[in-house]
file input23.txt (compact mmCIF, N, CA, C and O atoms)
# COMPACT_ATOMS: atom_id res chain seq x y z
N MET X 1 114.41 -98.41 -25.91
CA MET X 1 113.58 -99.43 -25.35
C MET X 1 113.26 -100.46 -26.44
O MET X 1 112.93 -100.11 -27.56
N GLN X 2 113.37 -101.69 -26.08
CA GLN X 2 112.98 -102.78 -26.97
C GLN X 2 111.49 -103.06 -26.78
O GLN X 2 110.94 -102.86 -25.69
N LEU X 3 110.81 -103.53 -27.82
CA LEU X 3 109.38 -103.77 -27.72
C LEU X 3 109.02 -104.77 -26.63
O LEU X 3 107.98 -104.65 -25.99
N HIS X 4 109.88 -105.75 -26.38
CA HIS X 4 109.57 -106.73 -25.32
C HIS X 4 109.65 -106.12 -23.93
O HIS X 4 109.19 -106.71 -22.96
N GLU X 5 110.20 -104.91 -23.80
CA GLU X 5 110.30 -104.23 -22.51
C GLU X 5 109.08 -103.36 -22.21
O GLU X 5 108.94 -102.85 -21.11
N VAL X 6 108.20 -103.18 -23.19
CA VAL X 6 107.03 -102.32 -23.02
C VAL X 6 106.05 -102.97 -22.05
O VAL X 6 105.63 -104.10 -22.24
N GLU X 7 105.70 -102.24 -21.00
CA GLU X 7 104.74 -102.71 -20.00
C GLU X 7 103.39 -102.02 -20.14
O GLU X 7 102.38 -102.57 -19.77
N GLU X 8 103.40 -100.80 -20.67
CA GLU X 8 102.18 -100.01 -20.79
C GLU X 8 102.18 -99.31 -22.14
O GLU X 8 103.22 -98.85 -22.61
N VAL X 9 101.02 -99.24 -22.78
CA VAL X 9 100.90 -98.64 -24.11
C VAL X 9 99.75 -97.63 -24.08
O VAL X 9 98.74 -97.84 -23.41
N LYS X 10 99.94 -96.52 -24.80
CA LYS X 10 98.85 -95.57 -25.00
C LYS X 10 99.01 -94.95 -26.36
O LYS X 10 100.10 -94.93 -26.93
N SER X 11 97.90 -94.44 -26.90
CA SER X 11 97.97 -93.73 -28.17
C SER X 11 97.20 -92.42 -28.04
O SER X 11 96.21 -92.34 -27.31
N VAL X 12 97.70 -91.41 -28.74
CA VAL X 12 97.07 -90.09 -28.75
C VAL X 12 96.96 -89.64 -30.19
O VAL X 12 97.64 -90.15 -31.08
N SER X 13 96.08 -88.64 -30.42
CA SER X 13 95.85 -88.25 -31.81
C SER X 13 96.26 -86.82 -32.14
O SER X 13 96.10 -86.39 -33.28
N THR X 14 96.79 -86.08 -31.17
CA THR X 14 97.21 -84.71 -31.47
C THR X 14 98.69 -84.54 -31.19
O THR X 14 99.26 -85.25 -30.35
N THR X 15 99.29 -83.58 -31.88
CA THR X 15 100.71 -83.34 -31.65
C THR X 15 100.96 -82.77 -30.25
O THR X 15 101.98 -83.08 -29.64
N SER X 16 100.03 -81.98 -29.74
CA SER X 16 100.22 -81.45 -28.38
C SER X 16 100.18 -82.57 -27.35
O SER X 16 100.98 -82.58 -26.40
N ALA X 17 99.29 -83.52 -27.51
CA ALA X 17 99.24 -84.67 -26.60
C ALA X 17 100.48 -85.54 -26.77
O ALA X 17 100.99 -86.09 -25.79
N ALA X 18 100.98 -85.66 -28.00
CA ALA X 18 102.20 -86.42 -28.23
C ALA X 18 103.39 -85.75 -27.55
O ALA X 18 104.20 -86.43 -26.90
N ASN X 19 103.48 -84.43 -27.68
CA ASN X 19 104.58 -83.72 -27.02
C ASN X 19 104.48 -83.82 -25.50
O ASN X 19 105.51 -83.96 -24.82
N GLN X 20 103.27 -83.78 -24.98
CA GLN X 20 103.08 -83.93 -23.52
C GLN X 20 103.51 -85.33 -23.07
O GLN X 20 104.15 -85.48 -22.04
N SER X 21 103.19 -86.34 -23.86
CA SER X 21 103.59 -87.70 -23.53
C SER X 21 105.10 -87.83 -23.50
O SER X 21 105.66 -88.47 -22.61
N LEU X 22 105.77 -87.22 -24.46
CA LEU X 22 107.24 -87.24 -24.47
C LEU X 22 107.79 -86.55 -23.23
O LEU X 22 108.74 -87.05 -22.60
N ALA X 23 107.20 -85.43 -22.84
CA ALA X 23 107.64 -84.70 -21.65
C ALA X 23 107.44 -85.52 -20.38
O ALA X 23 108.18 -85.36 -19.41
N GLU X 24 106.46 -86.41 -20.40
CA GLU X 24 106.17 -87.27 -19.24
C GLU X 24 107.04 -88.52 -19.21
O GLU X 24 106.89 -89.35 -18.32
N GLY X 25 107.91 -88.68 -20.20
CA GLY X 25 108.81 -89.83 -20.19
C GLY X 25 108.38 -91.02 -21.02
O GLY X 25 109.02 -92.06 -20.99
N TRP X 26 107.28 -90.89 -21.76
CA TRP X 26 106.85 -91.97 -22.65
C TRP X 26 107.80 -92.04 -23.85
O TRP X 26 108.37 -91.04 -24.25
N THR X 27 107.93 -93.21 -24.45
CA THR X 27 108.75 -93.41 -25.63
C THR X 27 107.85 -93.63 -26.84
O THR X 27 106.95 -94.48 -26.80
N LEU X 28 108.07 -92.86 -27.90
CA LEU X 28 107.29 -93.03 -29.13
C LEU X 28 107.71 -94.33 -29.80
O LEU X 28 108.89 -94.54 -30.08
N ILE X 29 106.74 -95.22 -30.03
CA ILE X 29 107.08 -96.50 -30.66
C ILE X 29 106.48 -96.65 -32.06
O ILE X 29 106.92 -97.50 -32.82
N ALA X 30 105.49 -95.80 -32.40
CA ALA X 30 104.91 -95.88 -33.75
C ALA X 30 104.06 -94.66 -34.03
O ALA X 30 103.50 -94.05 -33.12
N VAL X 31 103.96 -94.32 -35.32
CA VAL X 31 103.00 -93.34 -35.80
C VAL X 31 102.22 -94.06 -36.89
O VAL X 31 102.81 -94.56 -37.85
N VAL X 32 100.90 -94.15 -36.72
CA VAL X 32 100.06 -94.89 -37.66
C VAL X 32 98.90 -94.02 -38.13
O VAL X 32 98.52 -93.06 -37.46
N SER X 33 98.34 -94.37 -39.26
CA SER X 33 97.16 -93.67 -39.78
C SER X 33 95.93 -94.16 -39.05
O SER X 33 95.78 -95.35 -38.78
N ASP X 34 95.02 -93.23 -38.74
CA ASP X 34 93.75 -93.66 -38.17
C ASP X 34 92.69 -93.71 -39.26
O ASP X 34 92.94 -93.36 -40.42
N SER X 35 91.51 -94.16 -38.93
CA SER X 35 90.47 -94.36 -39.94
C SER X 35 89.98 -93.06 -40.56
O SER X 35 89.41 -93.06 -41.64
N GLY X 36 90.21 -91.93 -39.91
CA GLY X 36 89.77 -90.64 -40.44
C GLY X 36 90.82 -89.94 -41.28
O GLY X 36 90.64 -88.80 -41.67
N GLY X 37 91.93 -90.61 -41.54
CA GLY X 37 92.99 -90.02 -42.34
C GLY X 37 94.02 -89.24 -41.55
O GLY X 37 94.95 -88.68 -42.11
N GLY X 38 93.85 -89.18 -40.25
CA GLY X 38 94.82 -88.50 -39.38
C GLY X 38 95.89 -89.45 -38.88
O GLY X 38 96.02 -90.57 -39.38
N ALA X 39 96.62 -89.00 -37.90
CA ALA X 39 97.70 -89.81 -37.35
C ALA X 39 97.39 -90.19 -35.90
O ALA X 39 96.72 -89.45 -35.18
N ARG X 40 97.86 -91.34 -35.49
CA ARG X 40 97.82 -91.78 -34.09
C ARG X 40 99.27 -91.99 -33.68
O ARG X 40 100.06 -92.60 -34.40
N TYR X 41 99.63 -91.44 -32.55
CA TYR X 41 100.97 -91.57 -31.99
C TYR X 41 100.90 -92.61 -30.89
O TYR X 41 100.15 -92.46 -29.93
N VAL X 42 101.66 -93.67 -31.03
CA VAL X 42 101.62 -94.79 -30.08
C VAL X 42 102.87 -94.72 -29.21
O VAL X 42 104.00 -94.67 -29.73
N PHE X 43 102.65 -94.73 -27.90
CA PHE X 43 103.74 -94.61 -26.94
C PHE X 43 103.80 -95.83 -26.05
O PHE X 43 102.80 -96.49 -25.81
N GLY X 44 104.98 -96.11 -25.56
CA GLY X 44 105.17 -97.20 -24.62
C GLY X 44 105.99 -96.74 -23.44
O GLY X 44 106.74 -95.77 -23.50
N LYS X 45 105.79 -97.45 -22.32
CA LYS X 45 106.56 -97.21 -21.11
C LYS X 45 106.98 -98.55 -20.55
O LYS X 45 106.19 -99.49 -20.54
N SER X 46 108.20 -98.64 -20.09
CA SER X 46 108.64 -99.87 -19.45
C SER X 46 108.45 -99.73 -17.95
O SER X 46 108.23 -98.63 -17.43
N GLU X 47 108.54 -100.84 -17.26
CA GLU X 47 108.39 -100.81 -15.81
C GLU X 47 109.56 -100.06 -15.18
O GLU X 47 109.40 -99.39 -14.18
N GLN X 48 110.72 -100.17 -15.78
CA GLN X 48 111.89 -99.47 -15.27
C GLN X 48 111.84 -98.02 -15.71
O GLN X 48 111.67 -97.73 -16.89
N ALA X 49 111.99 -97.12 -14.78
CA ALA X 49 112.05 -95.70 -15.13
C ALA X 49 113.43 -95.40 -15.71
O ALA X 49 114.43 -95.95 -15.26
N PRO X 50 113.49 -94.53 -16.72
CA PRO X 50 114.79 -94.19 -17.27
C PRO X 50 115.63 -93.46 -16.22
O PRO X 50 115.11 -92.71 -15.41
N LYS X 51 116.91 -93.74 -16.24
CA LYS X 51 117.82 -93.11 -15.29
C LYS X 51 118.15 -91.70 -15.75
O LYS X 51 118.45 -91.48 -16.92
N ALA X 52 118.09 -90.78 -14.81
CA ALA X 52 118.45 -89.40 -15.11
C ALA X 52 119.97 -89.30 -15.25
O ALA X 52 120.71 -89.98 -14.55
N PRO X 53 120.44 -88.46 -16.18
CA PRO X 53 121.88 -88.31 -16.32
C PRO X 53 122.47 -87.68 -15.06
O PRO X 53 121.83 -86.90 -14.38
N MET X 54 123.70 -88.10 -14.74
CA MET X 54 124.38 -87.55 -13.57
C MET X 54 124.77 -86.11 -13.84
O MET X 54 125.19 -85.76 -14.93
N SER X 55 124.65 -85.30 -12.81
CA SER X 55 125.05 -83.91 -12.90
C SER X 55 126.16 -83.67 -11.89
O SER X 55 125.93 -83.74 -10.69
N ILE X 56 127.38 -83.44 -12.38
CA ILE X 56 128.54 -83.23 -11.53
C ILE X 56 129.15 -81.89 -11.88
O ILE X 56 129.42 -81.62 -13.05
N SER X 57 129.38 -81.08 -10.87
CA SER X 57 129.98 -79.77 -11.13
C SER X 57 131.45 -79.94 -11.50
O SER X 57 132.10 -80.93 -11.13
N ALA X 58 131.98 -78.95 -12.19
CA ALA X 58 133.40 -78.98 -12.56
C ALA X 58 134.28 -78.99 -11.32
O ALA X 58 135.31 -79.67 -11.27
N ALA X 59 133.89 -78.27 -10.27
CA ALA X 59 134.68 -78.23 -9.04
C ALA X 59 134.71 -79.59 -8.35
O ALA X 59 135.76 -80.03 -7.89
N ALA X 60 133.57 -80.27 -8.31
CA ALA X 60 133.53 -81.60 -7.70
C ALA X 60 134.36 -82.59 -8.49
O ALA X 60 135.05 -83.44 -7.91
N LEU X 61 134.31 -82.50 -9.80
CA LEU X 61 135.11 -83.39 -10.65
C LEU X 61 136.60 -83.14 -10.44
O LEU X 61 137.38 -84.07 -10.33
N ALA X 62 137.00 -81.87 -10.37
CA ALA X 62 138.40 -81.54 -10.15
C ALA X 62 138.87 -82.06 -8.79
O ALA X 62 139.97 -82.60 -8.67
N LYS X 63 138.03 -81.92 -7.77
CA LYS X 63 138.38 -82.39 -6.42
C LYS X 63 138.55 -83.90 -6.41
O LYS X 63 139.47 -84.45 -5.80
N ALA X 64 137.67 -84.62 -7.11
CA ALA X 64 137.77 -86.08 -7.18
C ALA X 64 139.04 -86.50 -7.91
O ALA X 64 139.68 -87.48 -7.53
N ASN X 65 139.42 -85.77 -8.94
CA ASN X 65 140.64 -86.09 -9.69
C ASN X 65 141.90 -85.85 -8.88
O ASN X 65 142.93 -86.50 -9.12
N GLU X 66 141.87 -84.95 -7.90
CA GLU X 66 143.02 -84.68 -7.06
C GLU X 66 143.39 -85.89 -6.23
O GLU X 66 144.54 -86.09 -5.89
N ARG X 67 142.43 -86.73 -5.93
CA ARG X 67 142.64 -87.91 -5.07
C ARG X 67 143.24 -89.08 -5.82
O ARG X 67 143.63 -90.06 -5.23
N LEU X 68 143.31 -89.00 -7.13
CA LEU X 68 143.83 -90.13 -7.92
C LEU X 68 145.32 -90.17 -7.92
O LEU X 68 146.05 -89.30 -7.84

call {"tool": "encode", "arguments": {"input": "input23.txt", "output": "structure tokens"}}
result
Amino acid sequence: MQLHEVEEVKSVSTTSAANQSLAEGWTLIAVVSDSGGGARYVFGKSEQAPKAPMSISAAALAKANERL
């Protein structure tokens, strides 16, 4: 994701919250120091949802190749 594509931003301060954000589809765009000496994880999301990879079985792929 390019920074100009970011539509929504959030920051969290724990690694568990950062991992949860990643699991929810957020993209990590920065890790910065906070005023207490800890870290803040900054995430962004674009309006477009990322496309899921295609899942094609080997049998379906073989069948499609037979038609070529």

call {"tool": "closest_residue", "arguments": {"input": "input23.txt", "among": "X:Ser11, X:Ala18, X:Leu3, X:Leu61", "to": "Phe43 of chain X", "atoms": "only N, CA, C and O atoms"}}
result
X:Ser11

call {"tool": "residues_around", "arguments": {"input": "input23.txt", "residues": "Ala30 of chain X", "least_positions_apart": "6", "cutoff": "8 Å", "atoms": "all atoms listed in the file", "output": "count of residues only"}}
result
9

call {"tool": "atom_distance", "arguments": {"input": "input23.txt", "atom1": "atom O of Val6 of chain X", "atom2": "atom CA of Ser33 of chain X"}}
result
22.1 Å

call {"tool": "select_by_dssp", "arguments": {"input": "input23.txt", "residues": "segment 9-68 of chain X", "states": "helix (DSSP H, G or I)", "output": "number ranges by chain"}}
result
X: 15-23, 58-66

call {"tool": "atom_distance", "arguments": {"input": "input23.txt", "atom1": "atom CA of Gly38 of chain X", "atom2": "atom C of Asn19 of chain X"}}
result
17.5 Å

call {"tool": "atom_distance", "arguments": {"input": "input23.txt", "atom1": "atom O of Glu24 of chain X", "atom2": "atom N of Glu5 of chain X"}}
result
16.8 Å

call {"tool": "select_by_dssp", "arguments": {"input": "input23.txt", "residues": "chain X", "states": "strand (DSSP E or B)", "output": "PyMOL selection string"}}
result
chain X and resi 6-12+27-33+39-46
